[in-house]
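Have a look at upload18.cif; it's mmCIF, N, CA and C atoms:
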```cif
data_protein
loop_
_atom_site.group_PDB
_atom_site.id
_atom_site.type_symbol
_atom_site.label_atom_id
_atom_site.label_comp_id
_atom_site.auth_asym_id
_atom_site.auth_seq_id
_atom_site.Cartn_x
_atom_site.Cartn_y
_atom_site.Cartn_z
ATOM 1 N N MET A 1 96.975 104.734 90.770
ATOM 2 C CA MET A 1 96.282 105.181 89.577
ATOM 3 C C MET A 1 95.173 104.181 89.283
ATOM 4 N N GLN A 2 94.021 104.695 88.930
ATOM 5 C CA GLN A 2 92.886 103.842 88.604
ATOM 6 C C GLN A 2 92.954 103.493 87.122
ATOM 7 N N ASP A 3 93.101 102.229 86.835
ATOM 8 C CA ASP A 3 93.156 101.776 85.450
ATOM 9 C C ASP A 3 91.849 102.132 84.753
ATOM 10 N N GLY A 4 91.944 102.716 83.584
ATOM 11 C CA GLY A 4 90.752 103.034 82.811
ATOM 12 C C GLY A 4 90.376 104.504 82.852
ATOM 13 N N ASP A 5 90.431 105.132 84.037
ATOM 14 C CA ASP A 5 90.067 106.550 84.077
ATOM 15 C C ASP A 5 91.242 107.446 84.440
ATOM 16 N N CYS A 6 92.385 106.856 84.802
ATOM 17 C CA CYS A 6 93.620 107.577 85.119
ATOM 18 C C CYS A 6 93.490 108.524 86.301
ATOM 19 N N ASP A 7 92.438 108.376 87.091
ATOM 20 C CA ASP A 7 92.314 109.170 88.310
ATOM 21 C C ASP A 7 93.274 108.628 89.351
ATOM 22 N N LEU A 8 93.718 109.505 90.211
ATOM 23 C CA LEU A 8 94.541 109.112 91.343
ATOM 24 C C LEU A 8 93.615 108.878 92.522
ATOM 25 N N HIS A 9 93.643 107.684 93.084
ATOM 26 C CA HIS A 9 92.806 107.328 94.228
ATOM 27 C C HIS A 9 93.714 107.074 95.432
ATOM 28 N N LEU A 10 93.450 107.764 96.531
ATOM 29 C CA LEU A 10 94.210 107.574 97.754
ATOM 30 C C LEU A 10 93.265 107.207 98.884
ATOM 31 N N GLU A 11 93.648 106.222 99.651
ATOM 32 C CA GLU A 11 92.934 105.877 100.884
ATOM 33 C C GLU A 11 93.898 106.197 102.017
ATOM 34 N N ILE A 12 93.494 107.082 102.904
ATOM 35 C CA ILE A 12 94.381 107.552 103.966
ATOM 36 C C ILE A 12 93.784 107.182 105.313
ATOM 37 N N SER A 13 94.601 106.526 106.151
ATOM 38 C CA SER A 13 94.151 106.147 107.489
ATOM 39 C C SER A 13 95.292 106.366 108.479
ATOM 40 N N ALA A 14 94.944 106.446 109.750
ATOM 41 C CA ALA A 14 95.944 106.651 110.799
ATOM 42 C C ALA A 14 96.709 105.370 111.113
ATOM 43 N N THR A 15 96.099 104.218 110.811
ATOM 44 C CA THR A 15 96.733 102.929 111.076
ATOM 45 C C THR A 15 96.609 102.052 109.840
ATOM 46 N N PRO A 16 97.458 101.039 109.706
ATOM 47 C CA PRO A 16 97.440 100.208 108.494
ATOM 48 C C PRO A 16 96.386 99.102 108.473
ATOM 49 N N GLU A 17 95.596 98.958 109.533
ATOM 50 C CA GLU A 17 94.607 97.884 109.555
ATOM 51 C C GLU A 17 93.603 98.062 108.420
ATOM 52 N N LYS A 18 93.214 96.939 107.820
ATOM 53 C CA LYS A 18 92.288 96.977 106.684
ATOM 54 C C LYS A 18 90.914 97.541 107.045
ATOM 55 N N ASN A 19 90.510 97.427 108.307
ATOM 56 C CA ASN A 19 89.197 97.926 108.711
ATOM 57 C C ASN A 19 89.282 99.276 109.429
ATOM 58 N N ALA A 20 90.436 99.926 109.374
ATOM 59 C CA ALA A 20 90.613 101.224 110.031
ATOM 60 C C ALA A 20 89.759 102.289 109.348
ATOM 61 N N PRO A 21 89.240 103.235 110.112
ATOM 62 C CA PRO A 21 88.542 104.359 109.484
ATOM 63 C C PRO A 21 89.505 105.085 108.541
ATOM 64 N N ARG A 22 88.983 105.525 107.430
ATOM 65 C CA ARG A 22 89.845 106.161 106.426
ATOM 66 C C ARG A 22 89.087 107.215 105.654
ATOM 67 N N VAL A 23 89.837 108.028 104.976
ATOM 68 C CA VAL A 23 89.271 109.012 104.060
ATOM 69 C C VAL A 23 89.724 108.611 102.661
ATOM 70 N N MET A 24 88.829 108.736 101.713
ATOM 71 C CA MET A 24 89.139 108.422 100.319
ATOM 72 C C MET A 24 89.279 109.737 99.556
ATOM 73 N N VAL A 25 90.363 109.859 98.805
ATOM 74 C CA VAL A 25 90.619 111.057 98.012
ATOM 75 C C VAL A 25 90.774 110.637 96.560
ATOM 76 N N GLU A 26 90.052 111.271 95.682
ATOM 77 C CA GLU A 26 90.160 110.997 94.243
ATOM 78 C C GLU A 26 90.505 112.301 93.543
ATOM 79 N N THR A 27 91.601 112.274 92.794
ATOM 80 C CA THR A 27 92.031 113.459 92.054
ATOM 81 C C THR A 27 91.953 113.154 90.565
ATOM 82 N N PRO A 28 91.049 113.820 89.858
ATOM 83 C CA PRO A 28 90.928 113.578 88.420
ATOM 84 C C PRO A 28 92.130 114.107 87.639
ATOM 85 N N VAL A 29 92.214 113.746 86.385
ATOM 86 C CA VAL A 29 93.322 114.183 85.534
ATOM 87 C C VAL A 29 93.096 115.585 84.977
ATOM 88 N N ASP A 30 92.010 116.230 85.320
ATOM 89 C CA ASP A 30 91.718 117.574 84.813
ATOM 90 C C ASP A 30 92.832 118.553 85.166
ATOM 91 N N ALA A 31 93.056 119.542 84.302
ATOM 92 C CA ALA A 31 94.139 120.507 84.471
ATOM 93 C C ALA A 31 94.068 121.247 85.804
ATOM 94 N N GLU A 32 92.879 121.488 86.317
ATOM 95 C CA GLU A 32 92.760 122.247 87.564
ATOM 96 C C GLU A 32 93.334 121.489 88.763
ATOM 97 N N TYR A 33 93.546 120.187 88.638
ATOM 98 C CA TYR A 33 94.115 119.388 89.722
ATOM 99 C C TYR A 33 95.583 119.057 89.487
ATOM 100 N N CYS A 34 96.158 119.582 88.443
ATOM 101 C CA CYS A 34 97.527 119.246 88.058
ATOM 102 C C CYS A 34 98.526 119.567 89.170
ATOM 103 N N THR A 35 98.423 120.731 89.791
ATOM 104 C CA THR A 35 99.346 121.119 90.850
ATOM 105 C C THR A 35 99.267 120.151 92.027
ATOM 106 N N ALA A 36 98.062 119.775 92.425
ATOM 107 C CA ALA A 36 97.893 118.840 93.543
ATOM 108 C C ALA A 36 98.490 117.477 93.203
ATOM 109 N N ARG A 37 98.242 116.993 91.994
ATOM 110 C CA ARG A 37 98.782 115.696 91.586
ATOM 111 C C ARG A 37 100.306 115.729 91.552
ATOM 112 N N GLN A 38 100.877 116.806 91.039
ATOM 113 C CA GLN A 38 102.330 116.928 90.978
ATOM 114 C C GLN A 38 102.936 116.939 92.379
ATOM 115 N N SER A 39 102.264 117.576 93.318
ATOM 116 C CA SER A 39 102.734 117.616 94.698
ATOM 117 C C SER A 39 102.728 116.219 95.310
ATOM 118 N N VAL A 40 101.639 115.486 95.117
ATOM 119 C CA VAL A 40 101.556 114.119 95.641
ATOM 120 C C VAL A 40 102.618 113.249 94.986
ATOM 121 N N GLN A 41 102.791 113.376 93.672
ATOM 122 C CA GLN A 41 103.788 112.576 92.971
ATOM 123 C C GLN A 41 105.193 112.873 93.488
ATOM 124 N N ALA A 42 105.508 114.129 93.733
ATOM 125 C CA ALA A 42 106.832 114.502 94.235
ATOM 126 C C ALA A 42 107.075 113.928 95.625
ATOM 127 N N GLN A 43 106.070 113.993 96.483
ATOM 128 C CA GLN A 43 106.222 113.461 97.835
ATOM 129 C C GLN A 43 106.379 111.946 97.829
ATOM 130 N N LEU A 44 105.613 111.264 97.001
ATOM 131 C CA LEU A 44 105.744 109.808 96.915
ATOM 132 C C LEU A 44 107.076 109.400 96.302
ATOM 133 N N LYS A 45 107.556 110.183 95.356
ATOM 134 C CA LYS A 45 108.843 109.878 94.719
ATOM 135 C C LYS A 45 109.974 109.907 95.750
ATOM 136 N N GLN A 46 109.854 110.781 96.749
ATOM 137 C CA GLN A 46 110.852 110.838 97.822
ATOM 138 C C GLN A 46 110.894 109.522 98.598
ATOM 139 N N HIS A 47 109.802 108.763 98.535
ATOM 140 C CA HIS A 47 109.723 107.472 99.210
ATOM 141 C C HIS A 47 109.888 106.312 98.226
ATOM 142 N N GLY A 48 110.400 106.624 97.030
ATOM 143 C CA GLY A 48 110.694 105.588 96.060
ATOM 144 C C GLY A 48 109.506 105.066 95.285
ATOM 145 N N ARG A 49 108.405 105.813 95.260
ATOM 146 C CA ARG A 49 107.214 105.357 94.542
ATOM 147 C C ARG A 49 106.903 106.307 93.390
ATOM 148 N N ASN A 50 106.527 105.737 92.257
ATOM 149 C CA ASN A 50 106.070 106.500 91.099
ATOM 150 C C ASN A 50 104.602 106.202 90.898
ATOM 151 N N LEU A 51 103.832 107.203 90.555
ATOM 152 C CA LEU A 51 102.398 106.996 90.343
ATOM 153 C C LEU A 51 102.154 106.594 88.905
ATOM 154 N N THR A 52 102.048 105.298 88.709
ATOM 155 C CA THR A 52 101.703 104.753 87.408
ATOM 156 C C THR A 52 100.675 103.656 87.640
ATOM 157 N N GLU A 53 100.104 103.166 86.581
ATOM 158 C CA GLU A 53 99.129 102.081 86.718
ATOM 159 C C GLU A 53 99.772 100.802 87.226
ATOM 160 N N THR A 54 101.084 100.661 87.067
ATOM 161 C CA THR A 54 101.755 99.443 87.512
ATOM 162 C C THR A 54 102.454 99.616 88.854
ATOM 163 N N ASP A 55 102.626 100.828 89.336
ATOM 164 C CA ASP A 55 103.283 101.076 90.624
ATOM 165 C C ASP A 55 102.269 101.702 91.581
ATOM 166 N N GLY A 56 101.275 100.931 91.917
ATOM 167 C CA GLY A 56 100.276 101.382 92.880
ATOM 168 C C GLY A 56 100.441 100.582 94.148
ATOM 169 N N GLY A 57 99.352 100.199 94.694
ATOM 170 C CA GLY A 57 99.395 99.353 95.864
ATOM 171 C C GLY A 57 99.521 100.131 97.152
ATOM 172 N N GLU A 58 99.817 99.407 98.206
ATOM 173 C CA GLU A 58 99.849 99.998 99.526
ATOM 174 C C GLU A 58 101.205 100.601 99.839
ATOM 175 N N ILE A 59 101.165 101.725 100.487
ATOM 176 C CA ILE A 59 102.376 102.407 100.922
ATOM 177 C C ILE A 59 102.228 102.623 102.424
ATOM 178 N N GLN A 60 103.134 102.086 103.191
ATOM 179 C CA GLN A 60 103.012 102.141 104.639
ATOM 180 C C GLN A 60 103.814 103.291 105.233
ATOM 181 N N ASN A 61 103.269 103.915 106.244
ATOM 182 C CA ASN A 61 103.982 104.834 107.126
ATOM 183 C C ASN A 61 104.751 105.952 106.428
ATOM 184 N N LEU A 62 104.101 106.708 105.569
ATOM 185 C CA LEU A 62 104.765 107.833 104.922
ATOM 186 C C LEU A 62 105.001 108.998 105.877
ATOM 187 N N SER A 63 104.371 108.981 107.030
ATOM 188 C CA SER A 63 104.552 110.079 107.971
ATOM 189 C C SER A 63 105.888 110.014 108.691
ATOM 190 N N ARG A 64 106.589 108.923 108.573
ATOM 191 C CA ARG A 64 107.875 108.767 109.269
ATOM 192 C C ARG A 64 108.990 109.456 108.536
#
```
Starting from the file, give its structure as structure tokens.
Amino acid sequence: MQDGDCDLHLEISATPEKNAPRVMVETPVDAEYCTARQSVQAQLKQHGRNLTETDGGEIQNLSR
């Protein structure tokens, strides 16, 4: 979660290296994105992560 604007920011890459090519995804808090945000939150929760301003950071290997 981005502090200040409450947008969800995701950086997705095939490998964990800091210089790996990646795609950046930003999902605003607008109602039209609610379903997508809920889906991401549910999937991350299965891996023990909650999307809050204090529970961000890097998440490794969710594809496993």
Residues matched by the PyMOL selection byres ((chain A and resi 12) around 7), written as JSON, numbers by chain: {"A": [10, 11, 13, 14, 15, 21, 22, 23, 24, 25]}
Atom-to-atom span, CA of Thr27 in chain A and atom N of Gln43 in chain A, Å: 14.7 Å
Coordinates-based distance that separates atom N of Asp7 in chain A from atom N of Tyr33 in chain A (Å, one decimal):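 So the two atoms, atom N of Tyr33 in chain A and atom N of Asp7 in chain A, lie 12.0 Å apart.
The two atoms in question, atom N of Arg49 in chain A and atom C of Arg37 in chain A, are spaced 13.3 Å apart.
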